[in-house]
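Asks: Have a look at the structure that comes next, please.
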Amino acid sequence: MIWNQPKECMSSADKRRMQGERLRKLVERVYHSVPFYRNKMQQMDVAPRDIRSIDDITRLPFTTKQDLRDNYPYDLFAVPMSEIVRLHASSGTTGKPTVVGYTRGDLAVWSEMTARALTAFGADRNDIVSVGYGYGLFTGGLGLHYGVEHMGGTVIPTSSGNTAKHISLMHDFGATALACTPSYALYLADALRDCGMPREEFALRIGIFGAEPWTENMRREIESKLGIDAYNIYGLSEIMGPGVSYECGFKNGSHIGDDHFFPEIVSPDTLEPLPVGEQGELVFTTLTKEGIPLLRYRTKDLCSLDDTPCECGRTAVRMSRIVGRSDDMLIIRGVNLFPSQVESVILEIEELEPHYLLVVDRVNNLDTLQIQVEVRDGFYSDEINRMVELKRKIAARLQSVLGLAADIRLVEPGTIARSEGKAKRVIDNRKLV
Amino acid sequence: MKTIKQLSVFIENRTGRINEVTRILEVGGINMSAFSLAETPDFGILRMIVSDVEAAHRALKEAHFGVNVTDVLLVTCANEPGTMHRILEVLAREQVFIEYMYAFSEGEVANVIIRPTDVARAAEILQSHQPC
Ligand SMILES: [Zn+2]
C-alpha cells in the first residue's frame with residue numbers, strides 16, 4: 001500500500017516543477033524573515049529572483065549545526081513564536097542544545113511523512129504499534145507517536161527504559177509493530193527469548209528501526225531472532241525527525257519524502273554537488289517547513305542517492321544506508337555524542353589530566369561507552385574511597401552533559417596516547433559493516 | 001609508636017603492573033618492609049613502607065606511576081594475645097576513625113601500620129594512653 005500515491009509516485013518532471021516552485025517560495029520567505037539567510041545571500045550576491053527552478057539550489061548558502069547553535073534558541077525561526085506549537089532539541093557539543101520549532105503545518109507534514117513510512121512498512125489502521133523510542137526533547141518518540149495516530153493505527157506510548165514492561169505490554173496489548181533503535185531491538189530479542197512467554201503469544205510482525213546506523217547483518221539477525229520484517233526509518237531533528245526517509249517492502253534504500261525535503265549529495269571537502277549515485281555528504285533543503293526552514297543543511301551523514309524507479313512504484317529518490325559521518329559524531333544507544341562534549345567536561349574537572357579516550361563497543365547488542373581518564377599528579381590518594389568517589393563524580397558530571405551513562409575508567413598516568421595534532425580520541429569496536 | 005611515611009601507588013588491574021613496581025624498587029636498591037593492596041574491579045592502590053621513600057617516590061614517578069606519600073602510624077608492640085585489641089579499644093573510645101591498617105609480626109615483635117583519618121590526633125591519643 002502507498003499512503004499518498006499522487007505525491008509518492010509523481011513523475012520526475014512534475015516533481016521537479018513542484019520542487020522548483022516550493023524552493024522559490026521558500027527562498028522568498030527566509031530572505032524576508034530570517035536575517036541570517038538574508039545576510040548570507042547578500043554576501044553571496046544571490047537574490048530571491050535568481051532562484052527559478054530546483055537546479056538553482058546550488059546557488060544557495062549551506063547551513064550547519066554550528067549555525068543553529070550560533071542562532072540559539074530562536075534566531076533561525078521564520079515565524080513569530082505565536083505560530084510555533086512545539087519545540088524539540090538535540091544535545092549540543094558545548095552544553096547548548098540545538099532547538100527546532102514546529103508550526104501546526106509542520107506537525108501535519110511530519111505526521112503525513114511518518115504515516116507514509118508506516119504504510120510503506122506494511123502497517124495500516126489495524127496495527128498496534130509499541131513506540132519504544134524515548135518520549136521527550138528527542139524527536140523519536142513523539143514523531144512515531146503522531147504518525148501512528150495519523151495513519152489510524154493504535155499507538156502504545158511505551159517509551160524507552162523498561163525492557164520487562166515493554167515485553168509484557170507488547171504481549172498483553174497484542175502489539176503488531178515495534179519502533180525503537182535497531183540495537184535495542186536486538187537486546188529486546190534476547191530478553192523476549194528468555195522471558196518465558198512463547199513467541200506464538202506475540203502478534204509482532206513489523207519492526208520500525210532508526211536513530212542510529214545499522215547494517216544488513218543486523219537486519220538479518222533482528223528478523224530471524226524476532227520473526228518480523230525490519231525496516232529502516234531515517235530522520236534528524238534539524239530537518240524534522242523520523243520519517244525524512246523510509247524503506248519500502250523491497251528494502252533497497254530509503255525513499256526520501258523529496259516533495260518536502262530536497263536531497264543533495266556534496267563532497268564533504270569541496271562542498272561541490274556530486275552526480276547521482278556517488279557517495280558523499282547528504283544535504284537537505286526543507287522545501288515546505290514553516291517554523292525553522294533550512295537551506296542546504298549539512299547532515300554530516302555519508303551516503304549515496306539512487307533515482308532509478310523502485311519496484312514498489314514510488315518515484316521518490318532513495319538514499320543508501322548511512323556509511324559513516326563526515327565529522328566525529330558517534331551515535332550511542334541512539335544518543336548523539338561528540339568527543340568534544342566529553343572534552344569540555346573533562347577540562348572542567350581539576351583532578352583530571354586533559355586527556356581522554358572513548359572506547360565504544362556493543363555488548364549483548366547494547367552499545368557501551370567507556371571513558372578512560374587520567375588523574376592529575378597530586379590527586380592520587382592512598383584511600384580507595386576517595387578514588388571511587390572521584391570516579392563517581394566524573395561519571396555524574398558526564399552523564400548530566402552527555403545524557404548518556406558511561407563506564408569511567410581511571411587509568412595510570414601516561415596511558416592515554418598524546419600526540420600533536422589529531423590525537424586518537426575514539427576507539428569504536430562496533431562492527432557496522 | 002611513631003609517625004612514618006607511606007608510599008601509595010595507583011595500579012590498574014592489569015597483569016604485571018605490581019611486578020613493574022617491585023622491579024623498579026629492586027633496580028633502585030629499595031627495600032619494602034610492609035605492604036597492603038586495596039582493590040576495586042578496575043584499579044587498586046598498593047601501599048608500602050619502604051627503606052627510602054624519596055628515592056622510591058622519584059623512581060616510580062619517572063616510570064609514570066600515580067604516587068602519593070602519606071603519614072601513617074607505626075605501632076610496635078609485643079607479639080602476644082590482646083595487644084592489637086588494646087590499641088583499637090583506645091582509638092575507638094576516642095572516636096578515631098581508621099581508614100585502613102595492616103600488620104606484620106616477627107618473633108617477639110608485632111608492627112601495625114594504622115592510617116587514621118586524623119593522623120596527628122590518633123598519634124596524640126596513642127602517645128598519652130600507651131596501650132602497649
Ligand atoms: Zn520502493
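Labels used: A, B, ... for chains in the order of the C-alpha cells, numbers from 1 for residues in each chain, and numbers from 1 for ligands as shown.
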Enumerate as a ChimeraX atom specification the residues within 12 Å of ligand 1, counting only C-alpha atoms and all ligand atoms.
Replies: /A:1-2,8-9,116-117,119-122,231,245-257,306-319
Asks: The selected residues should be written to file as a short mmCIF file (atom, residue, chain, number, x, y, z; two decimals), in the first residue's frame (atoms: N, CA, C and O atoms).
Replies:
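So the final result, stored in again_10.cif, reads:
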```cif
data_model
loop_
_atom_site.label_atom_id
_atom_site.label_comp_id
_atom_site.auth_asym_id
_atom_site.auth_seq_id
_atom_site.Cartn_x
_atom_site.Cartn_y
_atom_site.Cartn_z
N MET A 1 0.84 -1.21 0.00
CA MET A 1 0.00 0.00 0.00
C MET A 1 0.87 1.26 0.00
O MET A 1 1.98 1.27 0.50
N ILE A 2 0.34 2.30 -0.61
CA ILE A 2 1.04 3.58 -0.65
C ILE A 2 0.13 4.63 -0.03
O ILE A 2 -1.04 4.75 -0.39
N GLU A 8 3.88 10.32 -3.74
CA GLU A 8 4.99 9.37 -3.67
C GLU A 8 5.35 8.79 -5.03
O GLU A 8 6.43 8.25 -5.22
N CYS A 9 4.41 8.86 -5.97
CA CYS A 9 4.65 8.24 -7.27
C CYS A 9 4.61 9.27 -8.40
O CYS A 9 4.40 8.94 -9.57
N ARG A 116 3.31 7.85 5.83
CA ARG A 116 3.82 7.28 4.58
C ARG A 116 4.80 6.15 4.89
O ARG A 116 4.74 5.07 4.26
N ALA A 117 5.68 6.40 5.86
CA ALA A 117 6.68 5.39 6.22
C ALA A 117 6.01 4.13 6.73
O ALA A 117 6.28 3.02 6.27
N THR A 119 3.05 3.03 6.28
CA THR A 119 2.32 2.34 5.22
C THR A 119 3.30 1.57 4.33
O THR A 119 3.02 0.43 3.92
N ALA A 120 4.46 2.19 4.07
CA ALA A 120 5.47 1.50 3.25
C ALA A 120 5.98 0.24 3.96
O ALA A 120 6.39 -0.72 3.32
N PHE A 121 5.94 0.23 5.29
CA PHE A 121 6.37 -0.96 6.05
C PHE A 121 5.28 -2.03 6.08
O PHE A 121 5.46 -3.09 6.67
N GLY A 122 4.12 -1.70 5.53
CA GLY A 122 3.03 -2.69 5.51
C GLY A 122 2.07 -2.54 6.67
O GLY A 122 1.24 -3.42 6.91
N TYR A 231 12.43 -2.70 9.13
CA TYR A 231 12.57 -1.62 8.17
C TYR A 231 13.31 -0.43 8.77
O TYR A 231 13.20 -0.14 9.95
N SER A 245 13.10 9.83 5.55
CA SER A 245 13.13 8.76 4.54
C SER A 245 12.78 7.43 5.19
O SER A 245 12.88 7.29 6.42
N TYR A 246 12.38 6.48 4.36
CA TYR A 246 11.91 5.19 4.88
C TYR A 246 12.02 4.14 3.79
O TYR A 246 11.89 4.44 2.60
N GLU A 247 12.22 2.92 4.20
CA GLU A 247 12.30 1.82 3.24
C GLU A 247 10.89 1.40 2.80
O GLU A 247 9.90 1.70 3.48
N CYS A 248 10.86 0.67 1.69
CA CYS A 248 9.60 0.07 1.26
C CYS A 248 9.78 -1.45 1.37
O CYS A 248 10.81 -1.92 1.85
N GLY A 249 8.82 -2.20 0.91
CA GLY A 249 8.87 -3.66 1.02
C GLY A 249 10.08 -4.27 0.33
O GLY A 249 10.43 -5.42 0.59
N PHE A 250 10.73 -3.51 -0.57
CA PHE A 250 11.86 -4.08 -1.30
C PHE A 250 13.19 -3.88 -0.56
O PHE A 250 14.22 -4.40 -0.98
N LYS A 251 13.15 -3.11 0.51
CA LYS A 251 14.31 -2.94 1.39
C LYS A 251 15.59 -2.66 0.61
O LYS A 251 16.63 -3.28 0.85
N ASN A 252 15.47 -1.76 -0.34
CA ASN A 252 16.61 -1.48 -1.19
C ASN A 252 16.84 0.02 -1.24
O ASN A 252 16.73 0.66 -2.26
N GLY A 253 17.16 0.59 -0.09
CA GLY A 253 17.31 2.03 0.02
C GLY A 253 16.07 2.64 0.62
O GLY A 253 15.00 2.06 0.59
N SER A 254 16.24 3.85 1.21
CA SER A 254 15.12 4.51 1.88
C SER A 254 14.60 5.65 1.01
O SER A 254 15.36 6.53 0.60
N HIS A 255 13.28 5.62 0.72
CA HIS A 255 12.65 6.67 -0.10
C HIS A 255 12.61 7.98 0.69
O HIS A 255 12.09 8.01 1.81
N ILE A 256 13.12 9.03 0.08
CA ILE A 256 13.11 10.34 0.74
C ILE A 256 11.81 11.05 0.39
O ILE A 256 11.37 11.03 -0.76
N GLY A 257 11.20 11.69 1.37
CA GLY A 257 9.99 12.49 1.10
C GLY A 257 10.43 13.75 0.36
O GLY A 257 10.42 14.84 0.93
N ASP A 306 19.89 7.24 -5.15
CA ASP A 306 19.53 6.41 -6.30
C ASP A 306 18.19 6.91 -6.81
O ASP A 306 17.19 6.86 -6.10
N ASP A 307 18.17 7.44 -8.07
CA ASP A 307 16.90 7.98 -8.58
C ASP A 307 16.24 7.06 -9.61
O ASP A 307 15.32 7.46 -10.30
N THR A 308 16.74 5.81 -9.68
CA THR A 308 16.09 4.88 -10.61
C THR A 308 14.75 4.44 -10.01
O THR A 308 14.58 4.43 -8.79
N PRO A 309 13.76 4.09 -10.88
CA PRO A 309 12.44 3.71 -10.36
C PRO A 309 12.55 2.49 -9.45
O PRO A 309 13.36 1.60 -9.68
N CYS A 310 11.73 2.50 -8.41
CA CYS A 310 11.74 1.37 -7.47
C CYS A 310 10.60 0.43 -7.86
O CYS A 310 9.56 0.87 -8.35
N GLU A 311 10.80 -0.84 -7.58
CA GLU A 311 9.78 -1.84 -7.93
C GLU A 311 8.46 -1.60 -7.21
O GLU A 311 7.41 -2.07 -7.63
N CYS A 312 8.51 -0.85 -6.10
CA CYS A 312 7.29 -0.63 -5.32
C CYS A 312 6.37 0.37 -6.00
O CYS A 312 5.21 0.52 -5.61
N GLY A 313 6.90 1.12 -7.00
CA GLY A 313 6.07 2.09 -7.69
C GLY A 313 6.35 3.51 -7.25
O GLY A 313 5.96 4.47 -7.91
N ARG A 314 7.04 3.67 -6.11
CA ARG A 314 7.35 5.03 -5.66
C ARG A 314 8.47 5.61 -6.54
O ARG A 314 9.43 4.90 -6.88
N THR A 315 8.34 6.88 -6.85
CA THR A 315 9.38 7.55 -7.62
C THR A 315 10.30 8.35 -6.72
O THR A 315 11.33 8.85 -7.17
N ALA A 316 9.92 8.50 -5.47
CA ALA A 316 10.73 9.27 -4.53
C ALA A 316 12.15 8.70 -4.50
O ALA A 316 12.34 7.49 -4.39
N VAL A 317 13.14 9.59 -4.63
CA VAL A 317 14.53 9.18 -4.69
C VAL A 317 14.91 8.40 -3.42
O VAL A 317 14.35 8.64 -2.35
N ARG A 318 15.80 7.41 -3.59
CA ARG A 318 16.19 6.60 -2.45
C ARG A 318 17.60 6.94 -1.99
O ARG A 318 18.47 7.23 -2.81
N MET A 319 17.83 6.89 -0.68
CA MET A 319 19.18 7.05 -0.15
C MET A 319 19.67 5.69 0.35
O MET A 319 18.89 4.86 0.81
#
```
Asks: With a distance cut-off of 7 Å and only C-alpha atoms, select the neighbouring residues of region 19-34 of chain B, excluding the residue or stretch itself and same-chain residues fewer than 3 positions from it, and output the selection as a list of chain:residue names.
Replies: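 The filter keeps B:Gly16, B:Met48, B:Ile49, B:Val50, B:Ser51, B:Asp52, B:Ala56, B:Ala59, B:Leu60.
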Asks: Gln127 (chain B): which residues within 12 Å, counting only C-alpha atoms, same-chain residues fewer than 4 positions away excluded, as a list in words?
Replies: Met1, Lys2, Thr3, Leu73, Leu74, Val75, Ile87, Val90, Leu91, Ala120, Arg121, Ala122, Ala123, Pro131 and Cys132 of chain B
Asks: Deliver the residues from the most recent selection as a file, using N, CA and C atoms, as an mmCIF file, in the first residue's frame.
Replies:
```cif
data_model
loop_
_atom_site.group_PDB
_atom_site.id
_atom_site.type_symbol
_atom_site.label_atom_id
_atom_site.label_comp_id
_atom_site.auth_asym_id
_atom_site.auth_seq_id
_atom_site.Cartn_x
_atom_site.Cartn_y
_atom_site.Cartn_z
ATOM 1 N N MET B 1 55.556 3.887 69.306
ATOM 2 C CA MET B 1 54.699 4.378 68.230
ATOM 3 C C MET B 1 55.367 5.574 67.562
ATOM 4 N N LYS B 2 55.380 5.569 66.242
ATOM 5 C CA LYS B 2 55.884 6.768 65.549
ATOM 6 C C LYS B 2 55.127 7.003 64.249
ATOM 7 N N THR B 3 55.226 8.264 63.794
ATOM 8 C CA THR B 3 54.607 8.633 62.516
ATOM 9 C C THR B 3 55.647 8.433 61.418
ATOM 10 N N LEU B 73 50.734 5.748 61.059
ATOM 11 C CA LEU B 73 51.307 5.451 62.369
ATOM 12 C C LEU B 73 51.884 4.038 62.364
ATOM 13 N N LEU B 74 53.088 3.913 62.863
ATOM 14 C CA LEU B 74 53.684 2.594 63.040
ATOM 15 C C LEU B 74 53.706 2.304 64.536
ATOM 16 N N VAL B 75 52.935 1.298 64.922
ATOM 17 C CA VAL B 75 52.894 0.932 66.341
ATOM 18 C C VAL B 75 53.627 -0.392 66.502
ATOM 19 N N ILE B 87 45.020 -1.591 71.517
ATOM 20 C CA ILE B 87 45.264 -0.412 70.659
ATOM 21 C C ILE B 87 43.941 0.083 70.065
ATOM 22 N N VAL B 90 41.494 1.786 72.575
ATOM 23 C CA VAL B 90 41.837 3.171 72.901
ATOM 24 C C VAL B 90 41.361 4.109 71.800
ATOM 25 N N LEU B 91 41.616 3.721 70.570
ATOM 26 C CA LEU B 91 41.241 4.592 69.448
ATOM 27 C C LEU B 91 39.719 4.691 69.301
ATOM 28 N N ALA B 120 47.423 13.018 63.220
ATOM 29 C CA ALA B 120 48.020 13.730 64.358
ATOM 30 C C ALA B 120 47.268 13.443 65.656
ATOM 31 N N ARG B 121 45.956 13.465 65.560
ATOM 32 C CA ARG B 121 45.150 13.261 66.764
ATOM 33 C C ARG B 121 45.305 11.821 67.260
ATOM 34 N N ALA B 122 45.302 10.873 66.346
ATOM 35 C CA ALA B 122 45.467 9.480 66.736
ATOM 36 C C ALA B 122 46.830 9.270 67.400
ATOM 37 N N ALA B 123 47.851 9.938 66.859
ATOM 38 C CA ALA B 123 49.203 9.819 67.424
ATOM 39 C C ALA B 123 49.216 10.320 68.863
ATOM 40 N N PRO B 131 48.886 2.102 74.988
ATOM 41 C CA PRO B 131 48.202 0.804 75.129
ATOM 42 C C PRO B 131 49.161 -0.387 75.023
ATOM 43 N N CYS B 132 50.369 -0.148 74.565
ATOM 44 C CA CYS B 132 51.290 -1.284 74.531
ATOM 45 C C CYS B 132 52.742 -0.840 74.698
#
```
Asks: Skipping near chain neighbours, those fewer than 3 positions away, what residues fall within 8 Å of Asn111 (chain B) using only C-alpha atoms, listed as a list of chain:residue names?
Replies: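 Final neighbour list, sorted by chain and number: B:Leu74, B:Val75, B:Thr76, B:Cys77, B:Ala103, B:Phe104, B:Ser105.
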Asks: What are the residues of chain B that have an atom within 12 Å of an atom of chain A, counting only C-alpha atoms, as a PyMOL selection string?
Replies: chain B and resi 5-14+17+36-48+60-72+98-101+115-117
Asks: Rounded to one decimal place, report the CA of Ile265 (chain A)-CA of Cys303 (chain A) distance in Å.
Replies: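 Value for the CA of Ile265 (chain A)-CA of Cys303 (chain A) distance: 7.8 Å.
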Asks: Skipping near chain neighbours, those fewer than 2 positions away, what residues fall within 6 Å of region 65-80 of chain A using only C-alpha atoms, listed as a compact mmCIF listing (two decimals) with C-alpha atoms, in the first residue's frame?
Replies:
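Writing the result to part_21.txt gives the following:
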```txt
# COMPACT_ATOMS: atom_id res chain seq x y z
CA SER A 33 12.02 36.69 7.64
CA VAL A 34 15.39 35.23 8.66
CA SER A 82 2.77 32.58 18.40
CA GLU A 83 2.84 30.29 15.34
CA THR A 98 20.07 22.89 19.08
CA VAL A 99 16.42 23.87 19.10
CA GLY A 291 8.90 27.01 11.76
CA ILE A 292 12.59 26.67 11.08
```
Asks: Which parts of chain B does DSSP call helix (DSSP H, G or I) when run on the backbone here, written out as an MDAnalysis selection string?
Replies: chainID B and resid 17:27 53:62 83:93 119:129
Asks: Can you work out which one of B:Ala92, B:Val119, B:Val53, B:Val109 has the shortest atom-to-atom distance to Glu80 (chain B), counting only C-alpha atoms?
Replies: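 Going through B:Ala92, B:Val119, B:Val53, B:Val109 one by one, the smallest distance to Glu80 (chain B) is for B:Val109.
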Asks: From the list A:Val155, A:Met113, A:Leu107, A:Arg296, which residue is nearest Ser130 (chain A) when using only C-alpha atoms?
Replies: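 Between A:Val155, A:Met113, A:Leu107, A:Arg296, the residue approaching Ser130 (chain A) most closely is A:Val155.
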Asks: From a backbone DSSP assignment, name each residue in region 24-77 of chain B labelled strand (DSSP E or B), as a list of chain:residue names.
Replies: B:Met32, B:Ser33, B:Ala34, B:Phe35, B:Ser36, B:Leu37, B:Ala38, B:Glu39, B:Phe43, B:Gly44, B:Ile45, B:Leu46, B:Arg47, B:Met48, B:Ile49, B:Val50, B:Gly66, B:Val67, B:Asn68, B:Val69, B:Thr70, B:Asp71, B:Val72, B:Leu73, B:Leu74, B:Val75, B:Thr76, B:Cys77
Asks: With N, CA, C and O atoms retained, write the just-selected residues as a short mmCIF file (atom, residue, chain, number, x, y, z; two decimals), in the first residue's frame.
Replies:
```cif
data_model
loop_
_atom_site.label_atom_id
_atom_site.label_comp_id
_atom_site.auth_asym_id
_atom_site.auth_seq_id
_atom_site.Cartn_x
_atom_site.Cartn_y
_atom_site.Cartn_z
N MET B 32 61.33 -3.14 50.67
CA MET B 32 59.94 -2.94 51.06
C MET B 32 59.72 -3.76 52.33
O MET B 32 59.89 -4.97 52.32
N SER B 33 59.36 -3.11 53.44
CA SER B 33 59.24 -3.87 54.67
C SER B 33 57.80 -4.29 54.95
O SER B 33 57.56 -5.23 55.70
N ALA B 34 56.84 -3.58 54.39
CA ALA B 34 55.43 -3.99 54.55
C ALA B 34 54.62 -3.42 53.40
O ALA B 34 54.97 -2.39 52.84
N PHE B 35 53.57 -4.11 53.03
CA PHE B 35 52.69 -3.54 52.02
C PHE B 35 51.29 -4.12 52.16
O PHE B 35 51.09 -5.16 52.79
N SER B 36 50.33 -3.40 51.60
CA SER B 36 48.98 -3.95 51.50
C SER B 36 48.38 -3.47 50.19
O SER B 36 48.81 -2.45 49.64
N LEU B 37 47.44 -4.22 49.69
CA LEU B 37 46.83 -3.87 48.41
C LEU B 37 45.32 -3.77 48.60
O LEU B 37 44.69 -4.68 49.13
N ALA B 38 44.76 -2.62 48.20
CA ALA B 38 43.30 -2.47 48.23
C ALA B 38 42.83 -2.45 46.80
O ALA B 38 43.49 -1.88 45.94
N GLU B 39 41.71 -3.10 46.55
CA GLU B 39 41.32 -3.16 45.13
C GLU B 39 39.85 -2.90 44.88
O GLU B 39 39.00 -3.09 45.75
N PHE B 43 40.73 -0.95 39.41
CA PHE B 43 42.05 -0.47 39.83
C PHE B 43 42.31 -0.83 41.28
O PHE B 43 41.39 -1.25 42.00
N GLY B 44 43.56 -0.69 41.69
CA GLY B 44 43.92 -0.98 43.06
C GLY B 44 44.88 0.08 43.56
O GLY B 44 45.40 0.88 42.80
N ILE B 45 45.08 0.10 44.89
CA ILE B 45 46.08 1.00 45.45
C ILE B 45 47.04 0.15 46.30
O ILE B 45 46.62 -0.56 47.21
N LEU B 46 48.29 0.21 45.91
CA LEU B 46 49.33 -0.53 46.62
C LEU B 46 49.98 0.42 47.62
O LEU B 46 50.47 1.47 47.25
N ARG B 47 49.92 0.05 48.92
CA ARG B 47 50.53 0.91 49.95
C ARG B 47 51.75 0.19 50.51
O ARG B 47 51.68 -1.00 50.81
N MET B 48 52.85 0.93 50.66
CA MET B 48 54.07 0.26 51.10
C MET B 48 54.86 1.12 52.08
O MET B 48 54.80 2.34 52.05
N ILE B 49 55.57 0.42 52.91
CA ILE B 49 56.57 1.05 53.75
C ILE B 49 57.92 0.65 53.16
O ILE B 49 58.20 -0.55 53.01
N VAL B 50 58.71 1.64 52.73
CA VAL B 50 59.97 1.32 52.05
C VAL B 50 61.14 1.95 52.76
O VAL B 50 60.98 2.87 53.57
N GLY B 66 51.16 6.81 39.27
CA GLY B 66 50.48 7.79 40.10
C GLY B 66 50.83 7.48 41.55
O GLY B 66 50.42 6.45 42.08
N VAL B 67 51.62 8.36 42.18
CA VAL B 67 52.17 8.05 43.50
C VAL B 67 51.74 9.11 44.50
O VAL B 67 51.51 10.26 44.15
N ASN B 68 51.66 8.69 45.76
CA ASN B 68 51.23 9.59 46.81
C ASN B 68 51.96 9.20 48.09
O ASN B 68 52.16 8.02 48.36
N VAL B 69 52.40 10.21 48.85
CA VAL B 69 53.06 9.92 50.13
C VAL B 69 52.16 10.42 51.25
O VAL B 69 51.70 11.56 51.21
N THR B 70 51.89 9.55 52.22
CA THR B 70 51.03 9.95 53.33
C THR B 70 51.68 9.56 54.66
O THR B 70 52.48 8.63 54.72
N ASP B 71 51.29 10.27 55.71
CA ASP B 71 51.73 9.90 57.05
C ASP B 71 50.86 8.77 57.57
O ASP B 71 49.64 8.79 57.40
N VAL B 72 51.50 7.79 58.18
CA VAL B 72 50.75 6.72 58.86
C VAL B 72 51.42 6.47 60.21
O VAL B 72 52.52 6.97 60.47
N LEU B 73 50.73 5.75 61.06
CA LEU B 73 51.31 5.45 62.37
C LEU B 73 51.88 4.04 62.36
O LEU B 73 51.24 3.11 61.89
N LEU B 74 53.09 3.91 62.86
CA LEU B 74 53.68 2.59 63.04
C LEU B 74 53.71 2.30 64.54
O LEU B 74 54.35 3.01 65.31
N VAL B 75 52.93 1.30 64.92
CA VAL B 75 52.89 0.93 66.34
C VAL B 75 53.63 -0.39 66.50
O VAL B 75 53.29 -1.38 65.85
N THR B 76 54.64 -0.38 67.33
CA THR B 76 55.41 -1.60 67.57
C THR B 76 55.05 -2.11 68.97
O THR B 76 55.10 -1.35 69.93
N CYS B 77 54.67 -3.36 69.05
CA CYS B 77 54.26 -3.87 70.35
C CYS B 77 54.65 -5.34 70.49
O CYS B 77 55.15 -5.94 69.54
#
```
Asks: Could you tell me how far CA of Phe209 (chain A) sits from CA of Glu221 (chain A), in Å to one decimal place?
Replies: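 Pair CA of Glu221 (chain A) / CA of Phe209 (chain A) returns 13.3 Å.
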Asks: So how far away is CA of Ile167 (chain A) from CA of Gly153 (chain A), in Å?
Replies: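 Distance reported for this atom pair: 19.5 Å.
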